[in-house]
Structures are given as structure tokens and as C-alpha cells.
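**Q** Provided herewith is a single structure, encoded as C-alpha cells, for subsequent inquiry.
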Amino acid sequence: HPGRRRPSRLRPLTDPYNRSIMPRLELVEASLRHGQQALLLSRLRQRHAVRAAELLDGCGFAALEVFGGATFEAQLRFLGEDPFERLRAIRAAAPSTPLMATLSGQMLVGHRHVADDVVESFIHLTAHAGIDILRLLDPLNDVANLRTAVEAGKASGMRVEGVVICTDSPVAALAGVAAAVVALGCDSICLHDPLGIVGAARARELVTAVIGVTGLPVTASFCSQTGQADFAYQAAHRAGAASVDVCVSPLGGGAAYPPAEAVIAGLAGTEDATGVELETVNRVATFLDDVEHLYGDLVDPALWRFDGAALRGLLPISAMGHGLAELRERDALHRLPDVEAEITRVRRELGNPPLVSPLREVITTQAVYNVFDGDRYATVVQEVKDYCMGLFGTPPGAIDPEVRHLVNGRDVPISCRPADLLEPALAVAERGLEQGGVRADPEAIVTDALFGADFLAFARHETVVELLSDEVDGALAAGLASAGAAIGSVQD
């Protein structure tokens with residue numbers, strides 16, 4: 001992308017006390033992807049995201065995370081928006097700041113592995129639409145599932161950042177994952193803590209170990225909900241981390257990343273200062289405050305508040321969406337402690353996978369069935385069967401043999417990469433779109449390969465779009481005007 005500013009090199013700070021010279025802590029702003037996914041159920045409208053991007057462009061952030069995760073599907077299914085068109089609009093609104101996308105490796109923006117040709121095409125189109133930095137994670141820390149995406153990102157001219165999900169595994173094991181990620185050709189490493197379990201001491205140990213084995217820049221990306229992230233960020237920087245993830249309020253804090261304003265103000269005047277001007281960031285926060293009331297029906301207080309569940313080894317309430325829905329349907333919220341205990345047990349039996357999407361939803365749902373069926377694993381969700389067969393990748397630990405037998409009987413798990421079992425999918429998707437009379441450009445083809453019926457409904461203008469309060473008023477006015485015109489036509 002000629003002329004586009006790339007992430008700056010680390011800028012040394014002059015220490016007036018001559019204690020040490022540290023690189024300036026850079027901030028990656030993530031409210032337009034992670035923040036709104038975590039706190040607004042991925043429902044932030046394009047018109048608000050574009051205006052926010054325009055304001056963010058002048059703040060001095062190292063990058064803006066604006067694409068990927070559950071936001072892609074939500075834009076299609078609930079907002080009636082084209083995710084690629086939205087990305088281009090954000091690119092035009094923020095021409096000076098590098099844009100970042102976060103993808104789940106071979107799953108991209110979904111919950112299932114897809115064929116290599118889909119991964120390659122999707123990433124190429126993402127780069128063409130304006131992404132400079134590609135951040136890639138695998139829900140199991142199975143690096144083999146990142147290979148195709150890394151190669152596609154590098155071939156598309158993007159800087160590629162490999163993610164290590166911070167679990168309760170030993171530091172040496174996580175450093176080993178980082179080394180494997182680097183072997184794929186990644187340019188930097190992101191240490192991602194989705195639950196807020198990383199405190200200052202562990203942050204220091206992780207950053208030190210990862211830099212020791214990779215020698216690459218490290219970003220700390222820690223959930224704010226347990227209240228530890230701000231302290232962990234400072235410790236990570238002092239151990240050598242180059243940058244940290246933040247979200248401008250009101251899309252920061254809680255289940256999202258720490259508020260940008262808090263990090264900027266809290267570290268100002270220290271050797272960890274960011275150099276980002278608070279006044280410019282406050283203008284973004286003011287805009288988001290002004291539109292926040294439109295999203296009132298989506299606000300769940302549990303997403304914003306402190307939750308120390310992860311510090312007790314439990315899954316935060318904000319991460320138990322499917323499980324809580326099951327309990328409400330059964331009118332059995334009083335059984336929540338039993339389900340929490342069962343989640344811990346199921347996770348251990350399944351080899352202690354990281355509690356990130358989609359695995360935390362899978363484990364939570366299985367735990368609910370185990371509690372209410374009485375006979376554990378009498379009902380097994382399909383995703384657990386697939387997981388035990390290796391169709392999500394290689395678990396970080398051994399699966400309990402008795403559980404594997406209960407789930408899969410005598411079926412033998414696969415020993416290859418899950419995508420190796422998948423046939424190319426783009427040609428099939430293209431034929432289907434052409435036969436259905438739907439546009440078959442490259443973006444349409446790859447989106448159909450990912451979301452099928454949801455994309456067809458979108459392309460045919462059949463999506464039932466959720467409306468904000470001001471959109472309801474506009475739709476009502478348009479409907480009345482249309483009705484009036486029709487009456488006038490009849491009278492004429």
C-alpha cells in the first residue's frame with residue numbers, strides 16, 4: 001500500500017534521572033474490533049465506527065484493530081453491512097494509522113476450520129481492502145493451524161503477528177509456542193490473556209521468556225476484567241514489551257482491554273509513558289459517549305464490571321453466554337455453582353484447552369448437559385466429539401482416555417492438520433452464487449464459503465436488520481412517506 005504509514009520504530013525516551021533508557025510504550029487501539037465485540041456484542045454501526053476511526057487517526061496510536069473476530073459475522077447477520085465495504089470506509093477515514101485485523105488462523109472469522117484456498121483468498125482480500133497488520137491466533141495454540149494464514153499474510157505484504165494465548169501452562173511451554181510461531185515467519189509476538197489471569201509477576205516472566213527465545217517485538221494484550229491488566233502492562237513494558245492493547249472508553253475496561261485514557265494518564269511522567277496526547281483521545285471518548293445511549297438495549301452490566309472469577313479459577317460470567325442461556329431456559333440459575341465446577345472438570349478432562357471462543361462455549365454447554373443429565377457425557381455436543389477427534393487441532397494436553405471413549409467410542413482421532421481433510425471450496429461457492437443469481441465477485445465468493453445462508457440473505461437484501469432507536473424513527477418516517485406516496489398515486 002504505497003504511501004501508507006507503517007508502524008513506527010520504537011522511539012527511545014530520554015530519562016532525566018539517567019536510570020535507564022527504555023523504548024517508548026506504544027498503544028494499539030482496539031475499540032472498533034475487540035472493544036465493541038466484548039462490550040456491545042459486535043453491534044457498533046458502520047457510521048459510528050467510521051467517525052470514530054477518523055478521530056482516532058490523529059491520536060498517535062501505533063495501530064488500530066478494526067477487523068476480524070465475531071464482528072464480521074455480526075455485520076452480515078444483524079446489521080446488514082458488508083464487512084469488506086466497512087473496512088474500506090474505515091481505511092479512507094484513517095489514512096495515516098496502520099490498520100490491524102485479528103483472525104483465528106484456519107478458522108478466520110468463524111468457528112470451524114476452512115479450506116486453504118478460502119484462507120488464502122480471504123487474507124489477500126483483507127490486505128487489498130486496507131489491512132496492514134495481520135494478527136493470527138489458534139484457539140488451541142496449535143501452531144500448525146497458522147501456517148497457511150501466515151504465508152498468505154506475508155505474500156500479501158502485511159506484517160504478521162503471531163499470538164500466544166496465555167493459559168495456566170508453564171512459562172517455558174508458552175515460550176515454546178512463541179518459538180514455533182516465529183519459525184513460521186511471523187514478525188512479532190502477541191501475548192493474549194483473554195480472561196485477565198496474568199498479573200504483574202507472570203507478565204514479566206512471560207515477556208522475558210518470549211523475547212529470550214524469539215528476539216522479536218512483543219505486544220501484551222490482556223483482558224481488563226479482573227483489574228490486573230494495568231499493573232501487568234507496566235511490568236510487561238519494563239520487561240521489554242514494545243506495545244499493549246487498549247480501548248478508548250466507553251468501549252474499554254471490563255471484558256475488553258484497559259481504557260486507553262487510564263493507561264495514558266496513569267503512566268504519564270514515568271519511564272513507561274506512551275507519548276499519546278490525552279486530549280486527542282478524549283475527543284474520541286466524547287463521541288462514543290454521545291452515541292452510547294443508542295445501544296442501551298445491548299448493554300449487559302456484567303460485561304463492564306469487575307469480575308474476579310478468573311482469579312478463582314472460574315470462567316467469568318461475561319464469558320458464559322451459552323451456558324447462562326441454557327440455565328435460564330431451564331429456570332435453573334441456582335445451579336450456576338455446579339456448572340462452574342463442572343466447567344473446570346470438563347476442561348481438565350479435555351486437555352486444558354485455552355478458554356477462548358469457540359472452545360469456552362463448547363465446554364460450557366457440555367458442562368450444562370453433564371450437570372442436568374446426571375450421567376456425565378450421556379449427551380455429548382457435536383463440537384466435543386469433533387474436538388476429541390482432533391478436528392479443532394491438537395489439544396495442549398492429553399484427553400482423559402475414559403472421556404475420549406465415552407465421546408468417540410472406538411473412532412481414532414486424526415493425526416494430520418484438520419484443513420488437510422478439506423477440499424478446495426471457492427469454486428463450489430462461485431458456482432452456487434452464479435446458479436442462485438447472486439453476485440459472484442471475489443469478496444462474495446469467500447464470504448459465501450464462510451457463511452453460506454447468512455451471506456445469501458444479505459446479498460438478496462433479506463437480512464432482518466436490527467435497528468437502533470434513531471434508525472427505528474428513520475425507518476418509520478420512511479415507511480410513512482412511502483405509504484403517503486402510494487396513497488397519492490392511487491388518488492391520482
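Just so we're on the same page: first chain in the C-alpha cells is A, next is B, and so on; residues restart at 1 for each chain, and ligands are numbered from 1 in the order they show up.
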Could you pull the residues within 6 Å of range 150-158 of chain A, counting only C-alpha atoms, minus those fewer than 2 positions along the same chain, as an NGL selection string?
**A** :A and (120 or 124 or 132-133 or 147-148)
**Q** Taking only range 124-196 of chain A into account, list the residues labelled helix (DSSP H, G or I) by DSSP (computed from the backbone), as an MDAnalysis selection string.
**A** chainID A and resid 124:129 143:155 171:183
**Q** Kindly export the residues of the current selection with N, CA and C atoms, as an mmCIF file, in the first residue's frame.
**A**
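out.cif, freshly written:
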data_model
loop_
_atom_site.group_PDB
_atom_site.id
_atom_site.type_symbol
_atom_site.label_atom_id
_atom_site.label_comp_id
_atom_site.auth_asym_id
_atom_site.auth_seq_id
_atom_site.Cartn_x
_atom_site.Cartn_y
_atom_site.Cartn_z
ATOM 1 N N HIS A 124 -5.870 -12.291 1.311
ATOM 2 C CA HIS A 124 -5.497 -11.407 0.206
ATOM 3 C C HIS A 124 -6.502 -10.263 0.072
ATOM 4 N N LEU A 125 -7.785 -10.556 0.167
ATOM 5 C CA LEU A 125 -8.812 -9.526 0.046
ATOM 6 C C LEU A 125 -8.772 -8.564 1.231
ATOM 7 N N THR A 126 -8.444 -9.095 2.396
ATOM 8 C CA THR A 126 -8.327 -8.254 3.589
ATOM 9 C C THR A 126 -7.209 -7.228 3.412
ATOM 10 N N ALA A 127 -6.079 -7.677 2.871
ATOM 11 C CA ALA A 127 -4.978 -6.753 2.610
ATOM 12 C C ALA A 127 -5.372 -5.721 1.563
ATOM 13 N N HIS A 128 -6.039 -6.166 0.531
ATOM 14 C CA HIS A 128 -6.435 -5.266 -0.555
ATOM 15 C C HIS A 128 -7.421 -4.206 -0.057
ATOM 16 N N ALA A 129 -8.241 -4.564 0.940
ATOM 17 C CA ALA A 129 -9.230 -3.625 1.470
ATOM 18 C C ALA A 129 -8.644 -2.638 2.469
ATOM 19 N N VAL A 143 0.131 -24.393 16.501
ATOM 20 C CA VAL A 143 0.786 -23.539 15.515
ATOM 21 C C VAL A 143 0.616 -24.062 14.091
ATOM 22 N N ALA A 144 0.430 -25.355 13.934
ATOM 23 C CA ALA A 144 0.255 -25.918 12.589
ATOM 24 C C ALA A 144 -0.944 -25.294 11.885
ATOM 25 N N ASN A 145 -1.935 -24.868 12.660
ATOM 26 C CA ASN A 145 -3.133 -24.285 12.074
ATOM 27 C C ASN A 145 -2.949 -22.822 11.665
ATOM 28 N N LEU A 146 -1.764 -22.276 11.869
ATOM 29 C CA LEU A 146 -1.484 -20.899 11.479
ATOM 30 C C LEU A 146 -0.668 -20.804 10.192
ATOM 31 N N ARG A 147 -0.118 -21.904 9.760
ATOM 32 C CA ARG A 147 0.859 -21.870 8.669
ATOM 33 C C ARG A 147 0.314 -21.229 7.393
ATOM 34 N N THR A 148 -0.834 -21.678 6.935
ATOM 35 C CA THR A 148 -1.380 -21.146 5.689
ATOM 36 C C THR A 148 -1.684 -19.664 5.807
ATOM 37 N N ALA A 149 -2.237 -19.259 6.942
ATOM 38 C CA ALA A 149 -2.582 -17.853 7.140
ATOM 39 C C ALA A 149 -1.335 -16.979 7.197
ATOM 40 N N VAL A 150 -0.294 -17.448 7.869
ATOM 41 C CA VAL A 150 0.955 -16.678 7.936
ATOM 42 C C VAL A 150 1.533 -16.497 6.536
ATOM 43 N N GLU A 151 1.596 -17.573 5.780
ATOM 44 C CA GLU A 151 2.153 -17.492 4.428
ATOM 45 C C GLU A 151 1.330 -16.555 3.551
ATOM 46 N N ALA A 152 0.009 -16.600 3.692
ATOM 47 C CA ALA A 152 -0.850 -15.719 2.895
ATOM 48 C C ALA A 152 -0.659 -14.260 3.296
ATOM 49 N N GLY A 153 -0.521 -14.010 4.586
ATOM 50 C CA GLY A 153 -0.305 -12.651 5.045
ATOM 51 C C GLY A 153 1.002 -12.074 4.538
ATOM 52 N N LYS A 154 2.068 -12.863 4.615
ATOM 53 C CA LYS A 154 3.363 -12.400 4.130
ATOM 54 C C LYS A 154 3.332 -12.166 2.620
ATOM 55 N N ALA A 155 2.680 -13.069 1.887
ATOM 56 C CA ALA A 155 2.586 -12.922 0.433
ATOM 57 C C ALA A 155 1.780 -11.691 0.036
ATOM 58 N N VAL A 171 5.457 -21.242 31.976
ATOM 59 C CA VAL A 171 6.014 -20.196 31.123
ATOM 60 C C VAL A 171 6.867 -20.799 30.008
ATOM 61 N N ALA A 172 7.636 -21.813 30.329
ATOM 62 C CA ALA A 172 8.502 -22.438 29.328
ATOM 63 C C ALA A 172 7.684 -23.021 28.171
ATOM 64 N N ALA A 173 6.524 -23.591 28.491
ATOM 65 C CA ALA A 173 5.682 -24.165 27.446
ATOM 66 C C ALA A 173 5.142 -23.075 26.527
ATOM 67 N N LEU A 174 4.717 -21.945 27.099
ATOM 68 C CA LEU A 174 4.200 -20.846 26.281
ATOM 69 C C LEU A 174 5.310 -20.208 25.458
ATOM 70 N N ALA A 175 6.511 -20.125 26.026
ATOM 71 C CA ALA A 175 7.648 -19.626 25.252
ATOM 72 C C ALA A 175 7.947 -20.558 24.085
ATOM 73 N N GLY A 176 7.724 -21.850 24.286
ATOM 74 C CA GLY A 176 7.911 -22.812 23.205
ATOM 75 C C GLY A 176 6.916 -22.587 22.076
ATOM 76 N N VAL A 177 5.677 -22.228 22.427
ATOM 77 C CA VAL A 177 4.679 -21.901 21.402
ATOM 78 C C VAL A 177 5.152 -20.678 20.609
ATOM 79 N N ALA A 178 5.671 -19.672 21.317
ATOM 80 C CA ALA A 178 6.170 -18.469 20.650
ATOM 81 C C ALA A 178 7.292 -18.809 19.673
ATOM 82 N N ALA A 179 8.191 -19.681 20.081
ATOM 83 C CA ALA A 179 9.287 -20.072 19.201
ATOM 84 C C ALA A 179 8.762 -20.759 17.945
ATOM 85 N N ALA A 180 7.740 -21.596 18.105
ATOM 86 C CA ALA A 180 7.149 -22.281 16.957
ATOM 87 C C ALA A 180 6.454 -21.296 16.026
ATOM 88 N N VAL A 181 5.819 -20.278 16.608
ATOM 89 C CA VAL A 181 5.168 -19.243 15.802
ATOM 90 C C VAL A 181 6.199 -18.485 14.971
ATOM 91 N N VAL A 182 7.316 -18.155 15.593
ATOM 92 C CA VAL A 182 8.376 -17.434 14.891
ATOM 93 C C VAL A 182 8.923 -18.263 13.736
ATOM 94 N N ALA A 183 9.002 -19.563 13.926
ATOM 95 C CA ALA A 183 9.518 -20.449 12.877
ATOM 96 C C ALA A 183 8.657 -20.397 11.620
#
**Q** Using only C-alpha atoms, what does the table of range 157-270 of chain A residues within 12 Å of range 41-51 of chain A look like, with each row giving the shortest atom pair and its distance in Å to one decimal, sorted by chain and ascending number, as a tab-separated table?
**A**
residue	atom	partner	partner_atom	distance
A:Leu251	CA	A:Leu44	CA	10.3
A:Ala255	CA	A:Leu41	CA	11.2
A:Ala256	CA	A:Leu41	CA	11.4
**Q** With only C-alpha atoms as the counted atoms, please give the residues lying no more than 12 Å from Leu406 in chain A, apart from itself and same-chain residues fewer than 5 positions off, as a list in words.
**A**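 Counting only the stated atoms, we get Glu349, Asp375, Arg376, Tyr377, Ala378, Thr379, Val380, Val384, Lys385, Cys388, Ile399, Asp400, Pro401 and Asp411 of chain A.
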**Q** Restricting the calculation to only C-alpha atoms: of A:Tyr369, A:Thr226, A:Gln234, A:Thr102, which residue gets closest to Arg312 in chain A?
**A**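 Selected residue with least distance to Arg312 in chain A: A:Thr226.
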**Q** From the list A:Asp448, A:Pro413, A:Leu311, A:Ala229, which residue is nearest Glu434 in chain A when using only C-alpha atoms?
**A**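 Answer, going by the shortest atom-to-atom distance: A:Asp448.
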**Q** Tell me, in Å to one decimal, how far CA of Asp193 in chain A is from CA of Pro98 in chain A.
**A**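 Between these atoms lies a distance of 23.0 Å.
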**Q** Pick the closest to Asp245 in chain A from A:Ala268, A:Leu327, A:Val284, A:Leu27: which is it, counting only C-alpha atoms?
**A**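 Going through A:Ala268, A:Leu327, A:Val284, A:Leu27 one by one, the smallest distance to Asp245 in chain A is for A:Leu27.
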**Q** Pick the closest to Asp117 in chain A from A:Glu73, A:Glu85, A:Glu65, A:Glu423: which is it, counting only C-alpha atoms?
**A**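 Ranking A:Glu73, A:Glu85, A:Glu65, A:Glu423 by distance to Asp117 in chain A, first place goes to A:Glu423.
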**Q** Rounded to one decimal in Å, what is the spacing between CA of Ala325 in chain A and CA of Glu361 in chain A?
**A**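 CA of Ala325 in chain A sits 11.1 Å away from CA of Glu361 in chain A.
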**Q** Using only C-alpha atoms, which protein or nucleic acid residues come within 8 Å of Val346 in chain A? Drop anything in the same chain fewer than 6 positions from it, and give the result as a list of chain:residue names.
**A** A:Ile363, A:Gln366, A:Ala367
**Q** Could you write out, as a ChimeraX atom specification, all the residues of range 81-154 of chain A that DSSP marks as strand (DSSP E)?
**A** /A:99-103,133-136
**Q** Keeping C-alpha atoms, export the residues of the selection given above as an mmCIF file, in the first residue's frame.
**A**
data_model
loop_
_atom_site.group_PDB
_atom_site.id
_atom_site.type_symbol
_atom_site.label_atom_id
_atom_site.label_comp_id
_atom_site.auth_asym_id
_atom_site.auth_seq_id
_atom_site.Cartn_x
_atom_site.Cartn_y
_atom_site.Cartn_z
ATOM 1 C CA LEU A 99 -4.916 -0.955 10.469
ATOM 2 C CA MET A 100 -4.915 -4.392 12.084
ATOM 3 C CA ALA A 101 -7.077 -7.474 11.600
ATOM 4 C CA THR A 102 -7.296 -10.346 14.101
ATOM 5 C CA LEU A 103 -8.125 -13.765 12.660
ATOM 6 C CA ILE A 133 -1.021 -5.842 10.174
ATOM 7 C CA LEU A 134 -2.388 -9.366 10.468
ATOM 8 C CA ARG A 135 -2.665 -10.802 13.988
ATOM 9 C CA LEU A 136 -3.198 -14.569 13.974
#
**Q** A:Val109, A:Val263, A:Leu56, A:Leu32: which is nearest Leu87 in chain A, counting only C-alpha atoms?
**A**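 Comparing A:Val109, A:Val263, A:Leu56, A:Leu32 against Leu87 in chain A, the winner is A:Leu32.
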